[in-house]
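Shown below: final.pdb, with PDB, C-alpha atoms.
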```
MODEL        1
ATOM      1  CA  MET A   1      26.347  16.182  -0.752
ATOM      2  CA  LYS A   2      23.850  17.583  -3.272
ATOM      3  CA  SER A   3      25.116  15.385  -6.101
ATOM      4  CA  GLY A   4      24.745  12.324  -3.846
ATOM      5  CA  LYS A   5      21.116  13.251  -3.201
ATOM      6  CA  ARG A   6      20.607  13.773  -6.929
ATOM      7  CA  TYR A   7      21.971  10.318  -7.772
ATOM      8  CA  LEU A   8      19.963   8.766  -4.962
ATOM      9  CA  SER A   9      16.770  10.405  -6.248
ATOM     10  CA  PHE A  10      17.492   9.110  -9.778
ATOM     11  CA  PHE A  11      18.069   5.632  -8.358
ATOM     12  CA  PHE A  12      14.714   5.654  -6.536
ATOM     13  CA  LEU A  13      12.997   7.038  -9.637
ATOM     14  CA  PHE A  14      14.499   4.175 -11.641
ATOM     15  CA  LEU A  15      13.240   1.657  -9.055
ATOM     16  CA  LEU A  16       9.777   3.192  -9.234
ATOM     17  CA  LEU A  17       9.553   3.247 -13.036
ATOM     18  CA  PHE A  18      11.376  -0.028 -13.820
ATOM     19  CA  PRO A  19       8.323  -2.360 -13.537
ATOM     20  CA  LEU A  20       6.280  -0.101 -15.816
ATOM     21  CA  ALA A  21       9.064   0.078 -18.401
ATOM     22  CA  GLU A  22       9.694  -3.680 -18.217
ATOM     23  CA  VAL A  23       6.023  -4.465 -18.916
ATOM     24  CA  GLY A  24       6.058  -2.063 -21.855
ATOM     25  CA  ILE A  25       9.201  -3.640 -23.315
ATOM     26  CA  HIS A  26       7.788  -7.139 -22.844
ATOM     27  CA  ASP A  27       4.527  -6.188 -24.556
ATOM     28  CA  PHE A  28       6.518  -4.632 -27.413
ATOM     29  CA  GLN A  29       8.422  -7.901 -27.877
ATOM     30  CA  HIS A  30       5.077  -9.704 -28.360
ATOM     31  CA  ARG A  31       3.636  -7.139 -30.788
ATOM     32  CA  ASP A  32       3.635  -9.530 -33.779
ATOM     33  CA  ASP A  33       2.121 -12.509 -31.965
ATOM     34  CA  LYS A  34      -1.092 -13.892 -33.432
ATOM     35  CA  HIS A  35      -3.947 -14.384 -30.990
ATOM     36  CA  CYS A  36      -7.267 -16.098 -31.549
ATOM     37  CA  SER A  37     -10.270 -13.801 -31.266
ATOM     38  CA  SER A  38     -12.971 -16.430 -31.767
ATOM     39  CA  THR A  39     -15.661 -16.608 -29.110
ATOM     40  CA  GLN A  40     -16.581 -20.237 -29.841
ATOM     41  CA  LYS A  41     -14.982 -23.180 -28.066
ATOM     42  CA  HIS A  42     -12.297 -24.835 -30.161
ATOM     43  CA  PHE A  43      -8.814 -26.326 -29.890
ATOM     44  CA  HIS A  44      -5.696 -25.340 -31.790
ATOM     45  CA  LYS A  45      -1.946 -25.302 -31.409
ATOM     46  CA  GLN A  46      -0.310 -23.175 -28.758
ATOM     47  CA  GLU A  47      -0.161 -19.588 -29.995
ATOM     48  CA  HIS A  48       2.105 -18.047 -27.457
ATOM     49  CA  ASN A  49       5.271 -19.390 -25.873
ATOM     50  CA  CYS A  50       6.985 -17.160 -23.330
ATOM     51  CA  SER A  51       8.543 -18.293 -20.069
ATOM     52  CA  LEU A  52       7.838 -14.926 -18.451
ATOM     53  CA  CYS A  53       4.158 -14.860 -19.460
ATOM     54  CA  ASP A  54       3.638 -18.510 -18.520
ATOM     55  CA  TYR A  55       5.350 -18.237 -15.123
ATOM     56  CA  THR A  56       3.278 -19.383 -12.164
ATOM     57  CA  PHE A  57       4.208 -18.923  -8.538
ATOM     58  CA  SER A  58       4.896 -22.148  -6.724
ATOM     59  CA  SER A  59       5.447 -22.698  -3.059
ATOM     60  CA  SER A  60       8.725 -24.306  -2.055
ATOM     61  CA  GLY A  61       7.049 -25.945   0.912
ATOM     62  CA  ALA A  62       4.128 -25.773   3.249
ATOM     63  CA  PHE A  63       3.447 -22.454   4.851
ATOM     64  CA  ALA A  64       4.802 -22.102   8.339
ATOM     65  CA  GLU A  65       2.125 -22.232  10.975
ATOM     66  CA  TYR A  66       1.733 -18.933  12.743
ATOM     67  CA  ARG A  67      -0.029 -18.786  16.040
ATOM     68  CA  SER A  68      -1.274 -15.550  17.452
ATOM     69  CA  ASP A  69      -2.715 -15.122  20.907
ATOM     70  CA  ILE A  70      -4.986 -12.233  21.755
ATOM     71  CA  VAL A  71      -4.456 -10.887  25.223
ATOM     72  CA  LEU A  72      -7.058  -8.619  26.693
ATOM     73  CA  ILE A  73      -6.121  -6.511  29.682
ATOM     74  CA  SER A  74      -8.768  -4.949  31.812
ATOM     75  CA  LEU A  75      -7.879  -2.341  34.386
ATOM     76  CA  PRO A  76     -10.310  -0.883  36.898
ATOM     77  CA  VAL A  77     -11.257   2.721  36.218
ATOM     78  CA  TYR A  78     -12.259   4.879  39.139
ATOM     79  CA  TYR A  79     -14.555   7.801  38.426
ATOM     80  CA  SER A  80     -15.534  10.482  40.865
ATOM     81  CA  SER A  81     -18.730  12.397  40.284
ATOM     82  CA  ILE A  82     -17.818  15.136  42.745
ATOM     83  CA  THR A  83     -17.577  18.522  41.015
ATOM     84  CA  PRO A  84     -15.320  21.148  42.539
ATOM     85  CA  THR A  85     -17.007  24.244  43.820
ATOM     86  CA  GLY A  86     -15.586  27.537  44.872
ATOM     87  CA  ILE A  87     -14.361  30.772  43.409
ATOM     88  CA  LEU A  88     -11.762  29.188  41.075
ATOM     89  CA  SER A  89     -13.015  25.810  39.927
ATOM     90  CA  PRO A  90     -10.908  24.076  37.212
ATOM     91  CA  VAL A  91     -13.739  24.435  34.700
ATOM     92  CA  ASP A  92     -13.636  28.237  35.016
ATOM     93  CA  TYR A  93     -10.046  28.762  33.870
ATOM     94  CA  LEU A  94      -9.390  25.930  31.334
ATOM     95  CA  PHE A  95     -11.172  27.543  28.406
ATOM     96  CA  SER A  96     -13.455  30.418  27.519
ATOM     97  CA  PRO A  97     -17.073  29.402  26.789
ATOM     98  CA  ARG A  98     -17.382  31.946  23.965
ATOM     99  CA  ALA A  99     -15.657  32.385  20.638
ATOM    100  CA  PRO A 100     -13.226  35.233  19.955
ATOM    101  CA  PRO A 101     -14.743  38.394  18.486
ATOM    102  CA  LEU A 102     -14.985  38.595  14.678
ATOM    103  CA  LYS A 103     -13.051  41.341  12.913
ATOM    104  CA  SER A 104     -14.821  42.918   9.941
TER     105      SER A 104
ENDMDL
END
```
In structure tokens, what does this structure look like?
Amino acid sequence: MKSGKRYLSFFFLFLLLFPLAEVGIHDFQHRDDKHCSSTQKHFHKQEHNCSLCDYTFSSSGAFAEYRSDIVLISLPVYYSSITPTGILSPVDYLFSPRAPPLKS
């Protein structure tokens, strides 16, 4: 049982660290690429050709329309302002009005 948990923890660690490692490997593959550092506007040939870097997300179709209705429910609340009186009212025995003594 413990070795199964160990392998499962390694699997989840791999899933967590895979994107970070993949980006590092991809950047390492492009280490020798030449990039223009000029700040002026100009045109030149394409410097970088990578299907992964140039990938753009495209929608396969229109988004499905989602309709959400908000339903508000209101229930009547009855409140009584009558306070109980007597020797043992509920307020007397629910809690103590003072803090416990401090020990020094």
Quiz item: Hey, can you check how far CA of Asp32 in chain A sits from CA of Leu20 in chain A?
Solution: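 Here the two named atoms are 20.5 Å from each other.
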If the box runs along x, y and z of the file and leaves 8 Å on each side of range 9-19 of chain A, what are its centre and edge lengths in Å, one decimal, as JSON?
```
{"center_x": 13.2, "center_y": 4.0, "center_z": -10.0, "size_x": 25.7, "size_y": 28.8, "size_z": 23.6}
```
Practice problem: Using all atoms listed in the file, find the one residue out of A:Ser51, A:Lys103, A:Arg98, A:Ser68 that sits nearest to His26 in chain A. | Solution: A:Ser51
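Put simply, CA of Gln40 in chain A is 26.5 Å away from CA of Tyr55 in chain A.
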